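As provided, work.txt (compact mmCIF, C-alpha atoms) reads as follows.
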```txt
# COMPACT_ATOMS: atom_id res chain seq x y z
CA MET I 2 9.96 -26.22 -0.79
CA SER I 3 12.07 -26.11 2.36
CA THR I 4 11.39 -23.75 5.22
CA VAL I 5 13.45 -22.30 8.02
CA ARG I 6 11.97 -22.20 11.50
CA VAL I 7 11.96 -18.80 13.14
CA ASP I 8 11.96 -18.50 16.92
CA THR I 9 8.78 -17.09 18.43
CA PRO I 10 10.41 -13.88 19.75
CA ALA I 11 11.37 -12.94 16.20
CA VAL I 12 7.72 -12.33 15.41
CA ARG I 13 7.51 -9.57 18.00
CA PRO I 14 8.71 -6.10 17.06
CA GLY I 15 12.17 -5.30 18.40
CA ALA I 16 13.19 -8.92 18.92
CA ARG I 17 15.88 -8.79 16.21
CA GLY I 18 17.76 -6.07 14.40
CA TRP I 19 15.56 -4.31 11.89
CA HIS I 20 16.72 -3.27 8.44
CA ARG I 21 18.57 -0.02 9.15
CA PRO I 22 18.25 1.73 5.75
CA LEU I 23 14.48 1.21 5.83
CA VAL I 24 14.25 2.41 9.43
CA ALA I 25 16.33 5.49 8.55
CA PHE I 26 14.11 6.17 5.55
CA ALA I 27 10.96 5.85 7.70
CA ALA I 28 12.41 8.33 10.21
CA ALA I 29 13.25 10.73 7.38
CA MET I 30 9.67 10.44 6.09
CA CYS I 31 8.31 11.31 9.53
CA VAL I 32 10.42 14.47 9.53
CA TRP I 33 9.41 15.25 5.96
CA ALA I 34 5.73 14.78 6.87
CA VAL I 35 6.10 17.56 9.45
CA VAL I 36 7.72 19.79 6.82
CA CYS I 37 4.84 19.07 4.41
CA LEU I 38 2.30 19.84 7.12
CA VAL I 39 3.96 23.21 7.69
CA GLY I 40 3.95 23.69 3.92
CA MET I 41 0.18 23.16 3.83
CA LEU I 42 -0.26 25.81 6.53
CA VAL I 43 1.92 28.51 4.99
CA ASP I 44 1.73 27.75 1.26
CA HIS I 45 -1.81 28.10 -0.03
CA ARG I 46 -1.13 27.07 -3.62
CA THR I 47 -3.37 24.37 -5.06
CA LEU I 48 -2.92 21.75 -7.77
CA ALA I 49 -5.95 20.01 -9.32
CA ALA I 50 -8.11 21.69 -6.66
CA ASP I 51 -6.08 20.17 -3.78
CA PRO I 52 -3.44 21.85 -1.55
CA ILE I 53 -0.15 21.44 -3.40
CA TRP I 54 1.58 20.04 -0.29
CA ALA I 55 -1.11 17.38 0.28
CA LYS I 56 0.46 14.86 -2.10
CA PRO I 57 3.96 14.81 -0.55
CA LEU I 58 2.36 14.64 2.91
CA LYS I 59 0.25 11.62 1.93
CA PHE I 60 3.17 9.89 0.28
CA SER I 61 5.52 10.51 3.21
CA ILE I 62 3.06 8.94 5.66
CA SER I 63 2.33 5.99 3.38
CA LEU I 64 5.99 5.33 2.59
CA ALA I 65 6.96 5.57 6.26
CA LEU I 66 4.40 2.89 7.14
CA TYR I 67 5.60 0.71 4.30
CA ALA I 68 9.28 1.07 5.23
CA VAL I 69 8.62 0.17 8.87
CA THR I 70 6.64 -2.89 7.78
CA LEU I 71 9.37 -4.17 5.46
CA ALA I 72 12.06 -3.49 8.08
CA TRP I 73 10.09 -5.54 10.61
CA MET I 74 9.51 -8.35 8.13
CA LEU I 75 13.22 -8.56 7.33
CA SER I 76 13.98 -8.98 11.04
CA MET I 77 12.25 -12.39 10.86
CA VAL I 78 14.42 -13.81 8.06
CA GLN I 79 17.13 -16.15 9.35
CA ARG I 80 18.49 -18.07 6.39
CA PRO I 81 21.78 -16.28 5.51
CA VAL I 82 21.21 -16.22 1.75
CA LEU I 83 17.71 -14.83 2.16
CA ARG I 84 18.90 -12.28 4.72
CA ARG I 85 21.51 -10.96 2.26
CA LEU I 86 18.98 -10.91 -0.57
CA GLY I 87 16.44 -9.24 1.71
CA TRP I 88 18.94 -6.62 2.85
CA TRP I 89 19.68 -5.61 -0.72
CA ALA I 90 16.00 -5.69 -1.67
CA GLY I 91 15.11 -3.51 1.31
CA THR I 92 17.96 -1.09 0.59
CA ILE I 93 16.98 -0.77 -3.06
CA GLY I 94 13.35 -0.33 -2.01
CA ALA I 95 14.33 2.47 0.36
CA GLY I 96 16.41 4.15 -2.34
CA ALA I 97 13.60 3.85 -4.89
CA SER I 98 11.08 5.29 -2.44
CA LEU I 99 13.46 8.15 -1.66
CA LEU I 100 13.77 8.87 -5.38
CA GLU I 101 9.99 9.02 -5.72
CA ILE I 102 9.47 11.40 -2.79
CA VAL I 103 12.34 13.65 -3.97
CA VAL I 104 10.76 13.97 -7.42
CA ILE I 105 7.38 14.79 -5.87
CA ALA I 106 9.00 17.41 -3.64
CA VAL I 107 10.90 19.02 -6.53
CA GLN I 108 7.72 19.25 -8.60
CA VAL I 109 5.84 20.78 -5.68
CA VAL I 110 8.51 23.46 -5.35
CA ARG I 111 8.25 24.07 -9.09
CA GLY I 112 4.47 24.32 -8.76
CA VAL I 113 3.66 21.57 -11.26
CA GLY I 114 2.24 18.06 -11.09
CA SER I 115 4.52 15.04 -10.73
CA HIS I 116 2.28 12.17 -11.81
CA PHE I 117 1.37 11.83 -15.52
CA ASN I 118 3.09 15.13 -16.35
CA VAL I 119 4.88 14.88 -19.71
CA SER I 120 4.37 18.49 -20.77
CA THR I 121 8.13 19.21 -21.06
CA PRO I 122 11.29 17.09 -21.41
CA THR I 123 12.15 17.83 -17.76
CA ASN I 124 8.73 16.74 -16.56
CA GLN I 125 8.96 13.61 -18.73
CA LEU I 126 12.30 12.75 -17.12
CA PHE I 127 10.91 13.19 -13.61
CA TYR I 128 7.87 11.09 -14.47
CA GLN I 129 10.08 8.30 -15.85
CA LEU I 130 12.26 8.40 -12.72
CA MET I 131 9.15 8.01 -10.57
CA ALA I 132 7.93 5.10 -12.69
CA GLY I 133 11.28 3.37 -12.27
CA GLY I 134 11.19 3.96 -8.53
CA VAL I 135 7.71 2.49 -8.21
CA THR I 136 8.72 -0.59 -10.18
CA LEU I 137 11.75 -1.15 -7.94
CA MET I 138 9.61 -0.73 -4.81
CA TYR I 139 7.15 -3.30 -6.18
CA CYS I 140 9.97 -5.80 -6.77
CA ALA I 141 11.43 -5.13 -3.32
CA THR I 142 8.05 -5.79 -1.68
CA LEU I 143 7.72 -9.04 -3.62
CA LEU I 144 11.20 -10.27 -2.65
CA VAL I 145 10.98 -9.28 1.02
CA GLY I 146 7.47 -10.67 1.33
CA ALA I 147 8.42 -13.95 -0.29
CA ALA I 148 11.47 -14.32 1.96
CA VAL I 149 9.28 -14.05 5.05
CA ALA I 150 5.81 -15.25 4.10
CA VAL I 151 6.79 -18.09 1.75
CA PHE I 152 10.31 -19.30 2.51
CA SER I 153 10.31 -18.86 6.29
CA HIS I 154 8.30 -20.83 8.82
CA LEU I 155 6.75 -18.65 11.52
CA PRO I 156 5.65 -20.49 14.66
CA ASP I 157 2.59 -18.26 15.03
CA ARG I 158 0.23 -19.41 12.27
CA ALA I 159 -2.01 -16.36 12.53
CA THR I 160 0.90 -13.99 11.90
CA ALA I 161 2.24 -16.19 9.12
CA TRP I 162 -1.08 -16.20 7.27
CA ALA I 163 -1.61 -12.49 7.93
CA LEU I 164 1.68 -11.85 6.15
CA ARG I 165 0.88 -14.20 3.28
CA ILE I 166 -2.60 -12.83 2.66
CA GLY I 167 -1.46 -9.28 3.25
CA LEU I 168 1.40 -9.70 0.75
CA VAL I 169 -0.91 -10.97 -2.01
CA ILE I 170 -3.46 -8.19 -1.48
CA ALA I 171 -0.71 -5.55 -1.21
CA LEU I 172 0.83 -6.64 -4.50
CA VAL I 173 -2.61 -6.46 -6.13
CA GLY I 174 -3.08 -2.97 -4.68
CA LEU I 175 0.33 -1.87 -5.91
CA SER I 176 -0.45 -3.33 -9.33
CA VAL I 177 -3.44 -1.00 -9.64
CA GLY I 178 -0.87 1.77 -10.05
CA PHE I 179 0.10 0.30 -13.43
CA LEU I 180 -3.48 0.85 -14.64
CA MET I 181 -3.12 4.56 -13.92
CA VAL I 182 -0.36 5.06 -16.49
CA VAL I 183 -2.60 3.93 -19.36
CA PRO I 184 -3.49 7.02 -21.41
CA THR I 185 -7.14 7.99 -21.70
CA ALA I 186 -8.98 8.18 -25.02
CA ALA I 187 -8.89 11.98 -24.88
CA GLN I 188 -5.11 11.96 -24.32
CA LEU I 189 -4.57 9.59 -27.25
CA ALA I 190 -6.72 11.78 -29.47
CA ASP I 191 -4.63 14.85 -28.60
CA PRO I 192 -0.99 14.45 -29.73
CA GLY I 193 -0.08 17.64 -27.89
CA SER I 194 -1.48 16.52 -24.56
CA GLY I 195 0.92 17.20 -21.71
CA THR I 196 -0.65 14.46 -19.58
CA TYR I 197 -0.20 10.71 -19.96
CA GLY I 198 -2.36 8.59 -17.66
CA SER I 199 -4.93 9.39 -15.00
CA HIS I 200 -6.15 8.45 -11.54
CA SER I 201 -9.75 8.84 -12.64
CA VAL I 202 -11.98 6.69 -14.84
CA GLY I 203 -14.82 8.35 -16.72
CA GLY I 204 -13.59 11.87 -16.09
CA ASP I 205 -10.51 13.91 -15.30
CA ASP I 206 -8.45 14.30 -12.13
CA ALA I 207 -9.46 17.93 -11.68
CA SER I 208 -13.16 17.25 -11.09
CA GLY I 209 -14.12 16.85 -7.44
CA GLY I 210 -12.02 15.47 -4.64
CA ILE I 211 -12.37 14.22 -1.07
CA PRO I 212 -10.49 16.67 1.20
CA PHE I 213 -6.82 15.72 1.72
CA LEU I 214 -7.17 12.30 0.07
CA GLY I 215 -8.12 13.93 -3.21
CA TRP I 216 -10.16 10.92 -4.38
CA ASN I 217 -12.62 11.83 -7.10
CA THR I 218 -16.19 12.35 -5.86
CA VAL I 219 -17.70 12.50 -9.35
CA HIS I 220 -16.02 9.68 -11.29
CA GLY I 221 -14.22 6.44 -10.60
CA ASP I 222 -10.82 6.73 -8.92
CA LEU I 223 -8.18 3.99 -9.02
CA ARG I 224 -6.39 5.48 -6.01
CA VAL I 225 -9.03 4.07 -3.64
CA SER I 226 -8.29 0.40 -4.35
CA HIS I 227 -4.58 1.22 -4.71
CA PHE I 228 -4.53 2.69 -1.20
CA VAL I 229 -6.75 0.04 0.41
CA GLY I 230 -4.91 -2.87 -1.16
CA MET I 231 -1.31 -1.79 -0.59
CA HIS I 232 -1.84 -1.23 3.13
CA ALA I 233 -3.12 -4.76 3.70
CA LEU I 234 0.52 -5.55 4.51
CA GLN I 235 0.23 -3.33 7.58
CA VAL I 236 -3.38 -3.92 8.64
CA LEU I 237 -3.53 -7.73 8.63
CA PRO I 238 -0.22 -8.43 10.46
CA LEU I 239 -1.13 -5.74 13.00
CA LEU I 240 -4.46 -7.48 13.55
CA ALA I 241 -2.65 -10.77 14.18
CA LEU I 242 -0.30 -9.11 16.68
CA VAL I 243 -3.07 -7.42 18.70
CA LEU I 244 -5.37 -10.44 18.97
CA PRO I 245 -5.60 -11.60 22.61
CA ALA I 246 -2.93 -14.13 23.55
CA THR I 247 -5.60 -16.04 25.48
CA MET I 248 -7.48 -16.75 22.25
CA ARG I 249 -7.03 -20.23 20.85
CA GLU I 250 -4.48 -20.51 18.07
CA GLN I 251 -7.03 -21.97 15.65
CA THR I 252 -9.46 -19.16 16.45
CA ARG I 253 -6.82 -16.49 15.88
CA LEU I 254 -6.06 -18.07 12.52
CA ARG I 255 -9.74 -18.08 11.55
CA VAL I 256 -10.09 -14.43 12.53
CA VAL I 257 -7.09 -13.48 10.38
CA VAL I 258 -8.29 -15.48 7.38
CA THR I 259 -11.80 -14.01 7.67
CA ALA I 260 -10.39 -10.48 7.97
CA GLY I 261 -8.14 -11.18 4.98
CA ALA I 262 -11.14 -12.28 2.92
CA ALA I 263 -13.04 -9.13 3.90
CA TYR I 264 -10.02 -6.97 3.05
CA ALA I 265 -9.60 -8.66 -0.33
CA ALA I 266 -13.30 -8.08 -1.02
CA ALA I 267 -12.98 -4.38 -0.12
CA THR I 268 -10.00 -4.02 -2.45
CA SER I 269 -11.82 -5.81 -5.27
CA ILE I 270 -15.05 -3.87 -4.86
CA THR I 271 -13.34 -0.48 -4.85
CA LEU I 272 -11.38 -1.47 -7.97
CA TRP I 273 -14.58 -2.71 -9.63
CA GLN I 274 -16.28 0.57 -8.80
CA ALA I 275 -13.43 2.63 -10.21
CA LEU I 276 -13.25 0.67 -13.46
CA ARG I 277 -16.96 1.32 -13.97
CA GLY I 278 -16.38 5.05 -13.55
CA GLN I 279 -18.22 5.11 -10.23
CA SER I 280 -17.20 7.29 -7.30
CA VAL I 281 -16.60 5.49 -4.03
CA LEU I 282 -19.00 7.97 -2.40
CA HIS I 283 -21.86 7.23 -4.80
CA PRO I 284 -22.29 3.45 -5.12
CA ASP I 285 -25.13 2.20 -7.31
CA LEU I 286 -27.65 -0.44 -6.27
CA LEU I 287 -25.53 -3.28 -7.65
CA THR I 288 -22.50 -2.20 -5.61
CA ILE I 289 -24.63 -1.86 -2.48
CA GLU I 290 -26.02 -5.36 -3.01
CA VAL I 291 -22.54 -6.84 -3.42
CA VAL I 292 -21.31 -5.04 -0.29
CA GLY I 293 -24.36 -6.36 1.56
CA ILE I 294 -23.65 -9.94 0.48
CA VAL I 295 -20.00 -9.65 1.56
CA ALA I 296 -21.05 -8.13 4.91
CA LEU I 297 -23.55 -10.96 5.44
CA LEU I 298 -20.91 -13.60 4.68
CA MET I 299 -18.34 -11.97 6.95
CA GLY I 300 -20.90 -11.56 9.72
CA SER I 301 -21.87 -15.23 9.46
CA ALA I 302 -18.23 -16.25 9.56
CA SER I 303 -17.69 -14.12 12.68
CA VAL I 304 -20.64 -15.75 14.43
CA ILE I 305 -19.31 -19.23 13.60
CA ILE I 306 -15.82 -18.31 14.83
CA ARG I 307 -17.21 -16.91 18.07
CA HIS I 308 -19.37 -20.00 18.60
CA ARG I 309 -16.45 -22.37 18.09
CA ASN I 310 -14.26 -20.35 20.46
CA SER I 311 -16.86 -20.46 23.25
```

Representation of the structure as structure tokens:
Amino acid sequence: MSTVRVDTPAVRPGARGWHRPLVAFAAAMCVWAVVCLVGMLVDHRTLAADPIWAKPLKFSISLALYAVTLAWMLSMVQRPVLRRLGWWAGTIGAGASLLEIVVIAVQVVRGVGSHFNVSTPTNQLFYQLMAGGVTLMYCATLLVGAAVAVFSHLPDRATAWALRIGLVIALVGLSVGFLMVVPTAAQLADPGSGTYGSHSVGGDDASGGIPFLGWNTVHGDLRVSHFVGMHALQVLPLLALVLPATMREQTRLRVVVTAGAAYAAATSITLWQALRGQSVLHPDLLTIEVVGIVALLMGSASVIIRHRNS
């Protein structure tokens, strides 16, 4: 597999032109987040025990972060063919994300749920549009990530590996969303059910919820690992960028790899909890033991890294 060398300045934000459609979409999401915040203050309607404007607010913030990340990643692609492919992937990703947020907004105005809502032909259509948008965003993330993390050579190894590890974990986190569309046993047993799929495991989405996030406090919730995993693509590269420049290159790489392992463990553990029907706020003894083992391993790795850097 051939690679293309990217100049060091390209790794730093603002060094090259960013993907304009993604930047424009991120700016629009920032404005929309303000609108949603105002909506939460003046519109006191609730949906599944949460403020009805909480979902579009959460999605606007999350999508803005994702769009900025992909726009930055595309600024580091130099091979012409990959740049063209990346531009189209980023543009389609922005359009798909816009479609998703528009559907969520329309359903909020209508006062009904957007996810898993198949109660009427109109709601089924909106749900299918969202599903298509999510699939396109997943493909766009894969293509953009591969163009940068796999087919481009970044001179800073820590940033390169942060992107590679972050991409894999993010794709796993995004893939958790496909588990949510699987109908529950109760939904399959009821042909007239107006809901198809669920965030929760072992219960329903209406029981309990962490304020604003809405994560289930009684049963397992797939949204936890979905959220944690998908944002690895922001957290790990940001970590690589903020590490002290005076730190040895090999040490920076070890820190990133260790952090990536810890992040992958957090994503896996929260998914494991959810699939067992266990709330993230109420871990059992087995979960606590596994978290303790991971913490011990990560702590030991940190001590070794610090010792070798001294």

**OP:** Show which residues sit within 9 Å of stretch 295-298 of chain I, as a list in words. Count all atoms listed in the file, and ignore same-chain residues fewer than 6 positions away.
**Re:** Ala263, Ala266 and Ala267 of chain I

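Closest approach to I:Cys37 among I:Tyr67, I:Arg85, I:Ala25, I:Ile102 is made by I:Ile102 (distances from all atoms listed in the file).
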
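What separates atom CA of I:Ala95 from atom CA of I:Ser61 is a distance of 12.3 Å.
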
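Using all atoms listed in the file, the smallest distance between any of I:Ala187, I:Val32, I:Met41, I:Met138 and I:Ile62 comes from I:Val32.
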
**OP:** Within 12 Å of (10.3, -0.7, 6.2) (coordinates as in the file), grab all the protein and nucleic acid residues, counting all atoms listed in the file, and write them out as a PyMOL selection string.
**Re:** chain I and resi 19-30+63-76+87-88+90-96+98+138+141-142+145-146+234-235

**OP:** Quote the spacing between atom CA of I:Ile53 and atom CA of I:Asp222 in Å to one decimal place.
**Re:**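 That distance, rounded to one decimal, is 19.0 Å.
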
Original post:
Which of these, I:Leu282, I:Ala161, I:Ile105, I:Val173, has the shortest distance to I:Pro238 once you count all atoms listed in the file?
Top reply: I:Ala161

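Here atom CA of I:Val236 and atom CA of I:Val183 stand 29.1 Å from one another.
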